[in-house]
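What's in input-v9.tsv: TSV, C-alpha atoms
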chain	number	residue	atom	x	y	z
C	1	MET	CA	-63.66	-84.01	169.80
C	2	ILE	CA	-66.19	-82.12	171.85
C	3	LYS	CA	-67.34	-83.56	175.21
C	4	LEU	CA	-70.88	-83.13	176.43
C	5	SER	CA	-72.31	-82.81	179.91
C	6	ASP	CA	-74.35	-85.77	181.15
C	7	ARG	CA	-77.54	-83.82	180.42
C	8	LEU	CA	-76.66	-83.10	176.80
C	9	LEU	CA	-75.23	-86.59	176.31
C	10	SER	CA	-78.51	-88.09	177.52
C	11	ILE	CA	-80.30	-86.03	174.86
C	12	ALA	CA	-77.81	-87.05	172.17
C	13	GLU	CA	-78.41	-90.72	173.00
C	14	GLU	CA	-82.06	-90.35	171.99
C	15	ILE	CA	-81.33	-88.96	168.52
C	16	ASN	CA	-81.25	-91.67	165.87
C	17	THR	CA	-82.12	-89.61	162.80
C	18	LYS	CA	-79.84	-88.05	160.21
C	19	THR	CA	-81.34	-84.57	160.49
C	20	MET	CA	-82.02	-82.43	163.57
C	21	ALA	CA	-82.51	-78.87	164.76
C	22	ASP	CA	-81.42	-77.52	168.12
C	23	ILE	CA	-83.76	-74.71	169.16
C	24	GLY	CA	-82.08	-72.24	171.50
C	25	THR	CA	-78.73	-73.82	170.74
C	26	ASP	CA	-76.66	-71.30	172.77
C	27	HIS	CA	-73.09	-72.66	172.53
C	28	GLY	CA	-73.98	-75.25	169.88
C	29	PHE	CA	-72.29	-78.15	171.64
C	30	LEU	CA	-75.04	-80.70	171.04
C	31	PRO	CA	-75.31	-80.36	167.22
C	32	ILE	CA	-71.52	-80.15	166.92
C	33	TYR	CA	-71.23	-83.43	168.85
C	34	LEU	CA	-73.86	-85.09	166.67
C	35	TYR	CA	-72.04	-83.99	163.53
C	36	GLN	CA	-68.59	-85.00	164.80
C	37	ASN	CA	-69.81	-88.46	165.76
C	38	GLU	CA	-71.60	-88.94	162.41
C	39	ILE	CA	-74.96	-89.34	164.12
C	40	CYS	CA	-76.50	-86.53	162.06
C	41	ASP	CA	-75.27	-85.29	158.70
C	42	LYS	CA	-77.55	-82.25	158.77
C	43	VAL	CA	-77.78	-80.10	161.89
C	44	ILE	CA	-79.49	-76.72	162.24
C	45	MET	CA	-78.63	-74.40	165.12
C	46	THR	CA	-81.14	-71.72	165.98
C	47	ASP	CA	-81.32	-69.06	168.65
C	48	VAL	CA	-83.27	-65.89	169.27
C	49	SER	CA	-80.08	-64.27	170.62
C	50	LYS	CA	-77.43	-62.96	168.22
C	51	GLY	CA	-74.82	-63.36	170.95
C	52	SER	CA	-75.67	-67.01	171.54
C	53	LEU	CA	-75.69	-67.78	167.85
C	54	GLU	CA	-72.28	-66.15	167.53
C	55	LYS	CA	-70.99	-68.45	170.28
C	56	ALA	CA	-72.32	-71.41	168.30
C	57	ARG	CA	-70.59	-70.13	165.16
C	58	VAL	CA	-67.25	-69.71	166.95
C	59	ASN	CA	-67.48	-73.20	168.45
C	60	SER	CA	-68.44	-74.68	165.08
C	61	GLU	CA	-65.36	-73.20	163.46
C	62	ARG	CA	-63.20	-74.33	166.37
C	63	TYR	CA	-64.31	-77.97	166.46
C	64	CYS	CA	-65.22	-78.51	162.80
C	65	PRO	CA	-63.25	-75.95	160.77
C	66	ASP	CA	-63.96	-77.67	157.44
C	67	ALA	CA	-67.72	-78.07	157.96
C	68	LYS	CA	-70.46	-75.63	157.00
C	69	PHE	CA	-73.10	-75.42	159.68
C	70	ASP	CA	-76.59	-74.03	159.24
C	71	LEU	CA	-77.07	-71.28	161.83
C	72	ARG	CA	-80.39	-69.41	161.91
C	73	LEU	CA	-81.43	-66.40	163.96
C	74	GLY	CA	-85.05	-66.49	165.07
C	75	SER	CA	-87.62	-67.56	167.61
C	76	GLY	CA	-88.58	-71.18	168.14
C	77	LEU	CA	-89.76	-73.17	165.14
C	78	GLU	CA	-90.33	-70.09	162.99
C	79	VAL	CA	-87.01	-70.60	161.21
C	80	ILE	CA	-87.59	-74.32	160.56
C	81	GLU	CA	-89.79	-75.54	157.71
C	82	MET	CA	-92.34	-78.33	158.11
C	83	GLY	CA	-90.61	-81.69	157.76
C	84	GLU	CA	-87.24	-80.04	157.13
C	85	VAL	CA	-85.66	-82.12	159.88
C	86	GLU	CA	-86.75	-85.30	161.61
C	87	THR	CA	-85.82	-84.42	165.19
C	88	VAL	CA	-86.13	-81.13	167.06
C	89	VAL	CA	-84.49	-80.51	170.44
C	90	LEU	CA	-86.08	-78.13	172.94
C	91	ALA	CA	-83.83	-78.21	176.00
C	92	GLY	CA	-83.06	-76.03	178.97
C	93	MET	CA	-86.27	-73.97	178.75
C	94	GLY	CA	-89.24	-73.54	181.05
C	95	SER	CA	-92.22	-75.78	180.35
C	96	PRO	CA	-94.69	-72.98	179.47
C	97	LEU	CA	-92.25	-71.68	176.85
C	98	ILE	CA	-91.75	-75.14	175.35
C	99	ALA	CA	-95.50	-75.67	175.09
C	100	LYS	CA	-95.89	-72.22	173.51
C	101	LEU	CA	-93.21	-72.94	170.90
C	102	ILE	CA	-94.84	-76.23	169.90
C	103	GLU	CA	-98.31	-74.69	169.85
C	104	GLN	CA	-97.39	-71.67	167.70
C	105	ASP	CA	-97.54	-73.79	164.56
C	106	ILE	CA	-99.17	-77.02	165.59
C	107	GLU	CA	-99.30	-78.47	162.07
C	108	LYS	CA	-95.59	-77.92	161.63
C	109	SER	CA	-94.92	-79.44	165.05
C	110	LYS	CA	-96.77	-82.61	164.07
C	111	SER	CA	-94.03	-83.33	161.51
C	112	PHE	CA	-91.22	-83.59	164.10
C	113	THR	CA	-90.06	-85.91	166.83
C	114	PHE	CA	-89.19	-83.75	169.83
C	115	ILE	CA	-86.49	-84.36	172.41
C	116	ILE	CA	-87.56	-82.16	175.30
C	117	GLN	CA	-85.71	-81.31	178.50
C	118	PRO	CA	-87.78	-78.84	180.53
C	119	ARG	CA	-86.29	-76.76	183.32
C	120	ARG	CA	-89.32	-76.00	185.46
C	121	HIS	CA	-93.00	-76.87	185.89
C	122	GLU	CA	-92.76	-80.22	184.13
C	123	GLU	CA	-96.35	-80.94	185.18
C	124	TYR	CA	-97.55	-78.02	183.02
C	125	LEU	CA	-95.82	-79.44	179.94
C	126	ARG	CA	-96.95	-83.00	180.58
C	127	GLU	CA	-100.57	-81.89	180.86
C	128	TRP	CA	-100.32	-79.85	177.65
C	129	LEU	CA	-98.77	-82.75	175.76
C	130	ASP	CA	-101.39	-85.18	177.08
C	131	LYS	CA	-104.29	-82.93	176.08
C	132	ASN	CA	-102.91	-82.18	172.61
C	133	LYS	CA	-102.09	-85.74	171.46
C	134	PHE	CA	-98.32	-85.38	171.75
C	135	GLN	CA	-97.36	-88.77	173.13
C	136	ILE	CA	-94.37	-89.32	175.39
C	137	ILE	CA	-92.82	-92.40	173.82
C	138	LYS	CA	-89.78	-92.49	176.09
C	139	GLU	CA	-88.63	-90.66	179.18
C	140	LYS	CA	-85.72	-90.74	181.60
C	141	LEU	CA	-84.07	-88.83	184.42
C	142	VAL	CA	-80.55	-87.46	184.23
C	143	LYS	CA	-78.45	-85.75	186.89
C	144	GLU	CA	-76.82	-82.40	186.22
C	145	ARG	CA	-74.81	-81.12	189.16
C	146	ASN	CA	-77.34	-80.87	192.02
C	147	LEU	CA	-80.39	-81.13	189.78
C	148	ILE	CA	-82.18	-84.13	188.32
C	149	CYS	CA	-83.75	-83.33	184.94
C	150	GLN	CA	-86.42	-85.06	182.90
C	151	VAL	CA	-85.74	-85.91	179.25
C	152	LEU	CA	-88.82	-86.69	177.15
C	153	VAL	CA	-89.05	-88.12	173.64
C	154	VAL	CA	-92.33	-86.85	172.19
C	155	ARG	CA	-94.23	-87.40	168.95
C	156	TYR	CA	-97.69	-86.39	167.78
C	157	ASN	CA	-100.11	-89.31	167.56
C	158	GLU	CA	-103.57	-88.70	166.10
C	159	ASP	CA	-104.88	-91.87	167.77
C	160	TYR	CA	-103.50	-91.03	171.20
C	161	GLN	CA	-106.08	-91.04	174.00
C	162	GLN	CA	-105.66	-88.59	176.88
C	163	GLN	CA	-104.35	-90.41	179.95
C	164	ASN	CA	-105.10	-87.89	182.71
C	165	TYR	CA	-102.28	-89.28	184.83
C	166	ASP	CA	-100.52	-87.51	187.71
C	167	TYR	CA	-98.57	-84.91	185.74
C	168	MET	CA	-96.36	-83.73	188.59
C	169	PHE	CA	-95.18	-87.14	189.80
C	170	PRO	CA	-96.10	-89.85	187.26
C	171	ASP	CA	-95.59	-93.53	187.99
C	172	SER	CA	-93.10	-93.66	185.10
C	173	ILE	CA	-90.53	-91.92	187.30
C	174	LEU	CA	-90.09	-95.23	189.12
C	175	ASP	CA	-88.53	-96.78	186.00
C	176	SER	CA	-85.39	-94.68	186.41
C	177	GLU	CA	-82.38	-95.61	188.50
C	178	LEU	CA	-82.46	-92.02	189.74
C	179	ALA	CA	-86.02	-92.35	191.05
C	180	GLU	CA	-85.02	-92.52	194.72
C	181	ALA	CA	-82.79	-89.45	194.47
C	182	TYR	CA	-85.45	-87.57	192.51
C	183	LEU	CA	-88.20	-88.31	195.02
C	184	SER	CA	-85.92	-87.50	197.96
C	185	TYR	CA	-85.16	-84.12	196.44
C	186	TRP	CA	-88.82	-83.40	195.88
C	187	ILE	CA	-90.07	-84.50	199.31
C	188	THR	CA	-87.70	-81.99	200.87
C	189	LYS	CA	-88.79	-79.26	198.47
C	190	ALA	CA	-92.48	-80.07	198.85
C	191	LYS	CA	-92.29	-79.91	202.65
C	192	ARG	CA	-90.45	-76.60	202.45
C	193	ASN	CA	-93.04	-75.20	200.06
C	194	TYR	CA	-95.88	-76.45	202.25
C	195	ASN	CA	-94.43	-74.73	205.32
C	196	SER	CA	-93.93	-71.53	203.35
C	197	ALA	CA	-97.55	-71.60	202.17
C	198	LYS	CA	-98.71	-72.29	205.72
C	199	GLN	CA	-96.84	-69.28	207.04
C	200	GLY	CA	-98.48	-67.16	204.37
C	201	SER	CA	-101.92	-68.68	205.05
C	202	ASP	CA	-102.17	-69.67	201.39
C	203	GLU	CA	-104.70	-72.50	201.66
C	204	LYS	CA	-104.67	-73.29	197.94
C	205	ASP	CA	-100.90	-73.69	197.91
C	206	MET	CA	-100.99	-75.63	201.18
C	207	LYS	CA	-103.41	-78.12	199.64
C	208	LYS	CA	-101.28	-78.44	196.50
C	209	TRP	CA	-98.13	-79.28	198.42
C	210	GLU	CA	-99.93	-81.48	200.94
C	211	GLU	CA	-101.20	-83.57	198.04
C	212	ALA	CA	-97.72	-83.58	196.50
C	213	ILE	CA	-96.20	-84.87	199.74
C	214	GLY	CA	-98.78	-87.65	199.86
C	215	ARG	CA	-98.12	-88.58	196.24
C	216	ILE	CA	-94.34	-88.63	196.72
C	217	ASN	CA	-94.64	-90.82	199.82
C	218	TYR	CA	-96.90	-93.17	197.86
C	219	LEU	CA	-94.32	-93.47	195.07
C	220	ARG	CA	-91.50	-93.98	197.56
C	221	GLY	CA	-93.48	-96.82	199.06
C	222	LYS	CA	-93.95	-98.40	195.63
C	223	LEU	CA	-90.25	-97.98	194.95
C	224	ASN	CA	-89.37	-99.86	198.13
C	225	ASP	CA	-91.62	-102.73	197.03
C	226	ILE	CA	-89.86	-103.12	193.68
Could you take the file, read its structure, and then write that structure out as structure tokens?
Amino acid sequence: MIKLSDRLLSIAEEINTKTMADIGTDHGFLPIYLYQNEICDKVIMTDVSKGSLEKARVNSERYCPDAKFDLRLGSGLEVIEMGEVETVVLAGMGSPLIAKLIEQDIEKSKSFTFIIQPRRHEEYLREWLDKNKFQIIKEKLVKERNLICQVLVVRYNEDYQQQNYDYMFPDSILDSELAEAYLSYWITKAKRNYNSAKQGSDEKDMKKWEEAIGRINYLRGKLNDI
């Protein structure tokens, strides 16, 4: 049986449908795990890289030699039909890319539940989701080595009303047991970025990180009151 990292396992825990597609599957570990553990009986692995898809094929044959997996070469959701699967995973990518992949065929995207794990600029993705009626129905933090990642469960909701919350450091972070570690990491990074902007006389960046520091300290105070 294949073993997943804590990050991938946290994604697997949010999949409760029989069909899924892993976009940018790379080694294919997540869909293989879902198939092995009888969580999903139909898994599609996609990747824009032939080399990565070959790795997924080799691992599929290694861990499930009697199974026939659906491997597709292509970019994003282009190789998935509308409603073909219930859940789509977009993990380990930058936020602008994730938003772009969802936006490329918005009508198709409305037919899926997304499990999203962005790598960078989470505030960009959160703002895009909020403005385009893709509701975050569940979120959590998970630690991967020295990083703490966000995992978001997202679904289109026609009736969703834009929230205009703090996209960089939302209050919902406080619901995680990793909130303290996450905020401690970011206060250090925010102060470093502020000092760097100050040295470069970048007033816009200075203001951004000064506001971030204030927001983080506010959340840390709320966390201490819980």
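Shortest atom-to-atom contact with Tyr185 (chain C) among C:Asp205, C:Leu129, C:Cys149, C:Asp26: C:Cys149, counting all atoms listed in the file.
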- Name all residues at most 9 Å from Phe112 (chain C) (count all atoms listed in the file; drop same-chain ones fewer than 2 positions away) and give them as a ChimeraX atom specification. /C:82-88,108-110,114,154-156
Contact residues around Tyr160 (chain C) with only C-alpha atoms at 10 Å, ignoring same-chain residues under 5 positions, as a compact mmCIF listing (two decimals) with C-alpha atoms, in the frame of the given file:
# COMPACT_ATOMS: atom_id res chain seq x y z
CA ASP C 130 -101.39 -85.18 177.08
CA LYS C 131 -104.29 -82.93 176.08
CA ASN C 132 -102.91 -82.18 172.61
CA LYS C 133 -102.09 -85.74 171.46
CA PHE C 134 -98.32 -85.38 171.75
CA GLN C 135 -97.36 -88.77 173.13
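For region 92-104 of chain C, the non-local neighbours within 9 Å, defined as residues at least 6 positions apart in the same chain or in other chains and counting all atoms listed in the file, are Gly24, Ser75, Gly76, Leu77, Glu78, Lys110, Ile116, Gln117, Pro118, Arg119, Arg120, His121, Glu122, Glu123, Tyr124, Leu125, Arg126, Trp128 and Leu129 of chain C.
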I need the chosen residues saved as a PDB file, in the coordinates of the input, with C-alpha atoms.
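part_15.pdb, freshly written:
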ATOM      1  CA  GLY C  24     -82.080 -72.240 171.500  1.00  0.00           C
ATOM      2  CA  SER C  75     -87.620 -67.560 167.610  1.00  0.00           C
ATOM      3  CA  GLY C  76     -88.580 -71.180 168.140  1.00  0.00           C
ATOM      4  CA  LEU C  77     -89.760 -73.170 165.140  1.00  0.00           C
ATOM      5  CA  GLU C  78     -90.330 -70.090 162.990  1.00  0.00           C
ATOM      6  CA  LYS C 110     -96.770 -82.610 164.070  1.00  0.00           C
ATOM      7  CA  ILE C 116     -87.560 -82.160 175.300  1.00  0.00           C
ATOM      8  CA  GLN C 117     -85.710 -81.310 178.500  1.00  0.00           C
ATOM      9  CA  PRO C 118     -87.780 -78.840 180.530  1.00  0.00           C
ATOM     10  CA  ARG C 119     -86.290 -76.760 183.320  1.00  0.00           C
ATOM     11  CA  ARG C 120     -89.320 -76.000 185.460  1.00  0.00           C
ATOM     12  CA  HIS C 121     -93.000 -76.870 185.890  1.00  0.00           C
ATOM     13  CA  GLU C 122     -92.760 -80.220 184.130  1.00  0.00           C
ATOM     14  CA  GLU C 123     -96.350 -80.940 185.180  1.00  0.00           C
ATOM     15  CA  TYR C 124     -97.550 -78.020 183.020  1.00  0.00           C
ATOM     16  CA  LEU C 125     -95.820 -79.440 179.940  1.00  0.00           C
ATOM     17  CA  ARG C 126     -96.950 -83.000 180.580  1.00  0.00           C
ATOM     18  CA  TRP C 128    -100.320 -79.850 177.650  1.00  0.00           C
ATOM     19  CA  LEU C 129     -98.770 -82.750 175.760  1.00  0.00           C
TER      20      LEU C 129
END
- Task: Could you give me, as a VMD selection string, the residues within 10 Å of Trp186 (chain C), counting all atoms listed in the file and dropping anything in the same chain fewer than 3 positions from it?
- Result: chain C and resid 169 180 to 183 189 to 192 212 to 213 216
Quick one: write out the picked residues with C-alpha atoms as a PDB file, in the coordinates of the input?
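Written output follows (result_24.pdb):
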ATOM      1  CA  PHE C 169     -95.180 -87.140 189.800  1.00  0.00           C
ATOM      2  CA  GLU C 180     -85.020 -92.520 194.720  1.00  0.00           C
ATOM      3  CA  ALA C 181     -82.790 -89.450 194.470  1.00  0.00           C
ATOM      4  CA  TYR C 182     -85.450 -87.570 192.510  1.00  0.00           C
ATOM      5  CA  LEU C 183     -88.200 -88.310 195.020  1.00  0.00           C
ATOM      6  CA  LYS C 189     -88.790 -79.260 198.470  1.00  0.00           C
ATOM      7  CA  ALA C 190     -92.480 -80.070 198.850  1.00  0.00           C
ATOM      8  CA  LYS C 191     -92.290 -79.910 202.650  1.00  0.00           C
ATOM      9  CA  ARG C 192     -90.450 -76.600 202.450  1.00  0.00           C
ATOM     10  CA  ALA C 212     -97.720 -83.580 196.500  1.00  0.00           C
ATOM     11  CA  ILE C 213     -96.200 -84.870 199.740  1.00  0.00           C
ATOM     12  CA  ILE C 216     -94.340 -88.630 196.720  1.00  0.00           C
TER      13      ILE C 216
END
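Of note, CA of Arg7 (chain C) and CA of Gly51 (chain C) are spaced 22.7 Å apart.
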- Message: Between CA of Lys18 (chain C) and CA of Leu53 (chain C), what distance in Å does the model show, to one decimal?
- Response: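 It comes out at 22.1 Å.
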- For Ile173 (chain C), which of C:Leu71, C:Glu139, C:Asp202, C:Val89 is the closest residue, counting all atoms listed in the file?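 So, comparing all the options, the nearest one is C:Glu139.
One distance worth recording is that between CA of Pro170 (chain C) and CA of Tyr218 (chain C), which is 11.1 Å.
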